[in-house]
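Please read the structure below before turning to the comments.
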Amino acid sequence: QKYHLPPDPLPPLSNSPPPHFARLLNFLGLQRKLTPTQTRSPRTMAGFRYIGLLALALLVAAEAAGRFDSPLRMKGGDAAAAEFGRSQGPVKRQGAFKIARVLSQGFEQLKPSIDAEQKMKVKYGGEMSKKLERIGYKGDMGGAAEDDPFLTAYVNLKLAACGAAPVKVSPKEESFLRLVEPILKSYQEQQHTLSTKGLELCPADQRIQNFLNSYLEDTDTDVPTPKLPVRQFKMDRHGLAKMLSLPKGEDKYINNYISSYRVSQGVVHNPKSDKRTTKGVFHIVDGGLPAADDKKLVPKVTFKRMLAIALNPPSDLATLPYTASQEKPTEIMATLLLRPLACPEVQGFTPERTSEVRFFVPGSCVSNLDFVESIFGNGDNPDLAENDAALDPEHWTGVTGAVILAPHLLGLNAKEMGLPHKKDATERQIKDGMFWEKEDDKYNQGGAFKLSCRDARGVPITLIADNYFGYCKKEVKTQLCYAANVHGLTEEEHAGGCIAYPSFDLGEEFDGASLSKVGSLGETHKYLAETQKSNTFKDVVKLLGDTIELKDEGYAVDKQYPDILYVPEDAKFSMTEQTVSFGGKSINLAPRKTYMLPSGYKVEMVKKGSTAVSTKRGAQSGVYEKWHLKGTVGEGANLHKPATVSGGGKSEISKRLQDMIKYGPVFCGDVKGDFDKLDEIFNKDYSSIMDNKACAHPAKHKHPYDESGVKIGDIKSLLDPRISTGIIIKLLSPFPYYTDEHNAFVNSIPAHIRELVSVIKQNYKAEWGADWRGHFHTDAINGALGHELKYGDSPLLSSYIRVGYRSAFDKDIPLKETAGGHLAWKTFTLRQDFFPCDKLQTEDDITASVVVPSKEVKGLNFRSTLPSVKVSQNVEFRLFQRPDEAIHRGYDKITEQDMSRPGCFISNFEPMTREQIQAIVDDTVGFEKFTEAMQERLLTFLESPSPEFCVSSAHPRLVDGKPTANPRYLQDSMEVTDPRAFHLGSMGSRLARMIPLGESVHTPISSVLCGRRNNPPDAKTGVPALCVHNPIHYYELPELFMEMTSSMTGKSPSTTGAGSEGALTKGPFNMLNMVHDLNAALVSYAISGYDVFISSAGVIGPNKQVDHDCSLLVPEVWSRMREEERSAKYLIENGYLEKIEAMEIDGKTVPANILGYRITEEFVKHFFGRVFANPSTVFDADILRPELQDKTIFADGLKTITDTNQRVGKAYIADGGADMAVPPLKALLYIMANGEYEGMTLESPEFRKMWTRESVLNSDWYKARLSEFQIREGERLERGLSYMEQFVESGKADWKGKQIVEDLNLVDRIEKIKTKLAQVKSKDYLKTLEGSLGVDPLLFSHAGSNMDKPLPLAKH
């Protein structure tokens, strides 16, 4: 009763208190007051647990990582009593980034939290659930509680420990605080004692301070170097920042910088600026590594003065919102430790490695900490030894960064900040605007900026003079980019990506044994389902061992996900009987279950025609929804979309295709006439359709029947089971190597007849023989036959997908200008056997990747031929999404589902009152357009007494009276919201490759598919034409790096606007010269052998609007291509890609050759034919050749590209970047700028030879990269080894130090690092690195690297 426990007893922890609770109770003086019976009662045990949690919170805060004696020891306890404070080793976060992506639903009430914990352990396993707890994930296992008593008490303990007043404490809480007051006083005085000994900072902060002391020692010597704050409110667990971002018990907090609201779905934070800008924002401190030409160079003295101001925010900015309503609000700096992923693990080659980033923000900006910890995860208490990265060099890059949020830096006086007068300024300072003329001139004209300080010693520091959330996320990206370059071996990429598993409609019956045959499945389907050897169910049982439960019926159940069933290779699936049969036995075929064959191939019972995000059990099927069998291959294609400009489809590659698909009935005009035409098509003799010219090249142009493996003369009907849908599509599509007679026949087939061919073929059963007509019919309407074709008692389905929009430029039926916009779609019929891919979202924005020699990776797919492969991993737990389409109610189903859940972090949406929401609900027509999830959220809000506000997904924040163009929310990554899907994907690959348990299932990048944003010219804004690409291009490496170096975009959703976004689209977020990233990228592509393709978004040519339709389609097409078909060499040789040559337009030569290769009609017919029923209609000739739309605009677009390339090339030469480029890139930069380099042009054979894998591997500059990595890796390990040995030595003086050493296994770690160090220093080590990235030597040889001034890692 005292602690408001639930009325029903909590489950007892055990029959008697565990030893650690017994010691705790004894310490608190409670145990001896209770009888044994009372001690064992469930309610008393619940009370013990609750009191124990409160006391543990205190002890964790007070003990401070063993840096002084435990409070327990001071109160008379012994070493055994200090079990509570034991370090959690080995390092908790190892592997944490393999789970990722979390839903912050607040903190649960006491009983639900215990239930949730138990459920999480069942769902994810014990270790996984601990990692999820680190990042606040609760799933749907309990409701949110803003005033959880435990968390409230914990916050008040931390406030008291900082010398601040607790917030609105109840008499009971006050009594507890009085009880622990002596311990708090002891803690505070010990902190004071540590401060006098120079040990007041946690290890990470001490590393940052050491760097500042060294870097600024020669600057403004009369002014001391600013000190990081000792008094901090450390966010040492996920969720604290969310709780602290609003006043206790209130739903609103507003100051000059931010407006925050508690809403029905979570929180809404609307910063003063609704978007970031890139103009004049990125400043670099002079005196370190060279700064790129696009950054502003700032004197050291200016940084030093600004740092001092940043660390001392004004009172209103320093106020902690949670305490804002108190008589005396708390003013404090809030801090957070992040450990973002920098290098993914590749078993046998490199362990997972993270970087260290410390955030410091004024109290009122604590919502920024909620934001970044929700994305990257909470790094825990930085005071604890277990969280000291330097004690685990195996998993640390050696980089510790700092981000200091300081919006109060805006408007500072330029002169007072140490900038020179214009007459004394250098040429660079004048260019950058780093001077003053008038006494009242403001720094950066008073605009937002960030100022970064760095050298090569691994401690980057950035001040951000704005509190827009995007700056904070991008700064973590910036620091990871820095870490990747300084550490080496890895890249930070601006990328999206997914693993796409091709899916197929199997109809009503499917025999697992048919996967080994071409038959009606088709050659491509069979190819994609193949494994190296024919796996059997016995192989599966042996391979998976105790992870499955073997059933008497002869199948097995996955123990982690019981709805995944493993069935024998001869399993037969029947929709009509709803059974799965094998070996004379059968089991029920059920929806929401996955049946996996030994090859990893998956079969499911799904409702075709439904586009719902999720389905309810027992939900009635719609008119055009029908249960079908869906087959999905075991191995997917890992599609990587890096260096994608703003609006180029980075996110879209992993999005659902279903929202673009519409379903409807199959049309039949005249039943008898149409059926007669079908009989003619089915029974026609197609043996002589090949033209004589094609017969001269039989290897290149085969008869479609050749795919069936049957002699052409043996095929009498297209309904023959040996003929696949794909073969029929090829037969009925016009090709130049068909006879004129056959092409005329094909072109004479009406569109609805073509569709009927596919429908009948898909539903045909061999036992019907020639009598297929009797199984299909239409109803009679008013005495006449209708037009909706049925099979049995159900209408047949046709599916259509949007590919672009109609416009006034349409040739046949132009759309009136007044009916433009997004109203009129261009839709095309999908194949009857098509299902959208099952996709696993693997990347979105910040990616850590590593290139690994293939020989070092076990268990790769048997078809993999690349000499080196790239392994990538998303760094973010949540994705900062901009749901542009959500303003159209019901369209963006995912966003509406996400924003209807509790625990959302939302920004730039309007907080709406009950009156406003009621008005939305009262608009019945508009309200019904929302998805069911959003409707339910809004209605639930109206029925609830609190909070005061709610958000509608269709109502962005109003800025200057207009909806913002930048609405945002944090979307949970798929890895945690749907862990089953990732488990399913992993198990499919494990079976396909027969990878033993204990060995990692690596799915390296299969294909690289960049994206670009095209736009027509805009005379009003002056945005130039940039619309010269067709849907898909291929670039050889020199042309690719011209594209990647310039990364140009025109009109896009980004604030970057027209022009270059900087190399690899990371320019604005790169504190180093971008040439270092380009060097790594060049090595990556050259040594791995990936061919790079680029897809278009926005428009194709000036007149064809496609938005992201191509971005969404590319994964469907690419995942259905064979390994060799993804090769540019194969595509070129077979006419699927055409080289673009220079063109004559308006009497001038236009350098169209820089556009590389583009897809042809043959590509569309052949590969889009695996998706579309009539592929030849999808892209018009003027889409495949945009110059046909408007040659002048095409020429202008090429001029935009060449002018940008020239400007960018000259900038690299001017800032010295070209001289730091590896030789092939250096030559390219000069060619971009001047047209030639040392007599070589873009087409010179000797220049192009520099880009080959052989040339790179044999070059001195590449070998220097590997040697430099060997040196730097050895130094990093030696520093870590020395630090650990010193820590162990210092810990021998007291029991707590010994305990930490034991808990963290430091002795074993030391031995492991010694072994690794010996390996790194050996002569053979360089051989293991061949085929990897190494590290750029020029980062360490530059005078500004300061490598001659080594920094201590921290004090012990």
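A note on labels: chains of the structure tokens are A, B, ... as shown, every chain counts residues from 1, and ligands are counted from 1 in their shown order.
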
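Residues in contact with Gly609 (chain A) at up to 8 Å, not including ones fewer than 3 positions away on its chain and judged by only C-alpha atoms, are Tyr624, Glu625, Lys626, Lys662, Tyr663, Leu797 and Ser799 of chain A.
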
Could you give me, as a PyMOL selection string, the residues within 6 Å of Leu419 (chain A), counting only C-alpha atoms and dropping anything in the same chain fewer than 3 positions from it? chain A and resi 414-415+435

Write out, as a PDB file, in the first residue's frame, the residues just selected, with all heavy atoms.
```
ATOM      1  N   ALA A 414      31.028  39.640 -33.963  1.00  0.00           N
ATOM      2  CA  ALA A 414      32.149  39.070 -34.711  1.00  0.00           C
ATOM      3  C   ALA A 414      33.490  39.542 -34.164  1.00  0.00           C
ATOM      4  O   ALA A 414      34.434  38.755 -34.040  1.00  0.00           O
ATOM      5  CB  ALA A 414      32.018  39.426 -36.185  1.00  0.00           C
ATOM      6  N   LYS A 415      33.585  40.803 -33.827  1.00  0.00           N
ATOM      7  CA  LYS A 415      34.847  41.337 -33.311  1.00  0.00           C
ATOM      8  C   LYS A 415      35.186  40.703 -31.971  1.00  0.00           C
ATOM      9  O   LYS A 415      36.334  40.294 -31.727  1.00  0.00           O
ATOM     10  CB  LYS A 415      34.747  42.849 -33.180  1.00  0.00           C
ATOM     11  CG  LYS A 415      36.012  43.505 -32.631  1.00  0.00           C
ATOM     12  CD  LYS A 415      35.841  45.009 -32.502  1.00  0.00           C
ATOM     13  CE  LYS A 415      37.103  45.655 -31.914  1.00  0.00           C
ATOM     14  NZ  LYS A 415      36.928  47.122 -31.743  1.00  0.00           N
ATOM     15  N   PHE A 435      35.328  38.015 -41.008  1.00  0.00           N
ATOM     16  CA  PHE A 435      35.927  39.298 -40.666  1.00  0.00           C
ATOM     17  C   PHE A 435      34.801  40.219 -40.196  1.00  0.00           C
ATOM     18  O   PHE A 435      33.616  39.856 -40.239  1.00  0.00           O
ATOM     19  CB  PHE A 435      36.637  39.903 -41.884  1.00  0.00           C
ATOM     20  CG  PHE A 435      35.716  40.178 -43.039  1.00  0.00           C
ATOM     21  CD1 PHE A 435      35.012  41.387 -43.138  1.00  0.00           C
ATOM     22  CD2 PHE A 435      35.528  39.230 -44.053  1.00  0.00           C
ATOM     23  CE1 PHE A 435      34.153  41.630 -44.198  1.00  0.00           C
ATOM     24  CE2 PHE A 435      34.677  39.479 -45.114  1.00  0.00           C
ATOM     25  CZ  PHE A 435      33.988  40.688 -45.184  1.00  0.00           C
TER      26      PHE A 435
END
```

Surrounding residues of Leu939 (chain A) excluding itself and chain neighbours under 2 positions, 12 Å, only C-alpha atoms, as a PyMOL selection string: chain A and resi 264+900+914+917-922+927+930+932-937+941-944+950-952

Counting only C-alpha atoms, what are the residues of region 1058-1128 of chain A within 12 Å of region 1186-1199 of chain A, and for each of them which pair of atoms is the nearest and at what distance in Å, to one decimal? Sort the table by chain and rising number, as a Markdown table.
```
| residue | atom | partner | partner_atom | distance |
| --- | --- | --- | --- | --- |
| A:Ser1096 | CA | A:Pro1186 | CA | 12.0 |
| A:Val1099 | CA | A:Pro1186 | CA | 10.1 |
| A:Ile1100 | CA | A:Pro1186 | CA | 6.6 |
| A:Gly1101 | CA | A:Pro1186 | CA | 4.7 |
| A:Pro1102 | CA | A:Gln1189 | CA | 7.1 |
| A:Asn1103 | CA | A:Gln1189 | CA | 7.0 |
| A:Lys1104 | CA | A:Gln1189 | CA | 8.9 |
```

Produce a file of the selected residues containing all heavy atoms, as an mmCIF file, in the first residue's frame.
```cif
data_model
loop_
_atom_site.group_PDB
_atom_site.id
_atom_site.type_symbol
_atom_site.label_atom_id
_atom_site.label_comp_id
_atom_site.auth_asym_id
_atom_site.auth_seq_id
_atom_site.Cartn_x
_atom_site.Cartn_y
_atom_site.Cartn_z
ATOM 1 N N SER A 1096 16.428 6.767 -61.727
ATOM 2 C CA SER A 1096 15.945 8.149 -61.759
ATOM 3 C C SER A 1096 14.694 8.329 -60.905
ATOM 4 O O SER A 1096 13.879 7.424 -60.768
ATOM 5 C CB SER A 1096 15.627 8.568 -63.193
ATOM 6 O OG SER A 1096 16.810 8.657 -63.963
ATOM 7 N N VAL A 1099 11.471 13.348 -62.550
ATOM 8 C CA VAL A 1099 11.005 13.319 -63.932
ATOM 9 C C VAL A 1099 12.014 12.559 -64.787
ATOM 10 O O VAL A 1099 13.174 12.399 -64.405
ATOM 11 C CB VAL A 1099 10.808 14.743 -64.513
ATOM 12 C CG1 VAL A 1099 9.741 15.498 -63.750
ATOM 13 C CG2 VAL A 1099 12.120 15.515 -64.522
ATOM 14 N N ILE A 1100 11.551 12.114 -65.941
ATOM 15 C CA ILE A 1100 12.447 11.560 -66.965
ATOM 16 C C ILE A 1100 12.211 12.383 -68.219
ATOM 17 O O ILE A 1100 11.117 12.351 -68.803
ATOM 18 C CB ILE A 1100 12.178 10.075 -67.205
ATOM 19 C CG1 ILE A 1100 12.499 9.287 -65.933
ATOM 20 C CG2 ILE A 1100 13.016 9.568 -68.375
ATOM 21 C CD1 ILE A 1100 12.222 7.813 -66.013
ATOM 22 N N GLY A 1101 13.224 13.140 -68.602
ATOM 23 C CA GLY A 1101 12.984 14.164 -69.597
ATOM 24 C C GLY A 1101 12.155 15.259 -68.938
ATOM 25 O O GLY A 1101 11.687 15.112 -67.807
ATOM 26 N N PRO A 1102 11.936 16.341 -69.595
ATOM 27 C CA PRO A 1102 11.207 17.449 -68.966
ATOM 28 C C PRO A 1102 9.716 17.194 -68.823
ATOM 29 O O PRO A 1102 9.037 17.877 -68.049
ATOM 30 C CB PRO A 1102 11.468 18.620 -69.921
ATOM 31 C CG PRO A 1102 11.738 17.984 -71.244
ATOM 32 C CD PRO A 1102 12.437 16.694 -70.945
ATOM 33 N N ASN A 1103 9.178 16.183 -69.531
ATOM 34 C CA ASN A 1103 7.720 16.052 -69.619
ATOM 35 C C ASN A 1103 7.133 14.830 -68.942
ATOM 36 O O ASN A 1103 5.912 14.702 -68.870
ATOM 37 C CB ASN A 1103 7.298 16.020 -71.100
ATOM 38 C CG ASN A 1103 7.799 17.220 -71.870
ATOM 39 O OD1 ASN A 1103 7.972 18.295 -71.314
ATOM 40 N ND2 ASN A 1103 8.047 17.037 -73.171
ATOM 41 N N LYS A 1104 7.957 13.915 -68.461
ATOM 42 C CA LYS A 1104 7.443 12.657 -67.913
ATOM 43 C C LYS A 1104 7.691 12.593 -66.410
ATOM 44 O O LYS A 1104 8.813 12.364 -65.950
ATOM 45 C CB LYS A 1104 8.123 11.456 -68.594
ATOM 46 C CG LYS A 1104 8.019 11.464 -70.121
ATOM 47 C CD LYS A 1104 6.606 11.182 -70.591
ATOM 48 C CE LYS A 1104 6.556 11.059 -72.118
ATOM 49 N NZ LYS A 1104 5.232 10.699 -72.608
#
```

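Residue nearest Asp810 (chain A), chosen from A:Glu356, A:Arg1012, A:Ile1183, A:Glu1268 and counting only C-alpha atoms: A:Ile1183.
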
With only C-alpha atoms as the counted atoms, please give the residues lying no more than 9 Å from region 751-759 of chain A, apart from itself and same-chain residues fewer than 3 positions off, as an NGL selection string. :A and (666-669 or 674-675 or 677-678 or 681-682 or 725 or 728-729 or 732 or 762-764 or 796-798 or 829 or 831-833 or 1173-1174)

Would you mind listing what lies within 10 Å of Asn256 (chain A) as a VMD selection string, with only C-alpha atoms counted and same-chain residues fewer than 5 positions away left out? chain A and resid 271 to 272 316 to 317
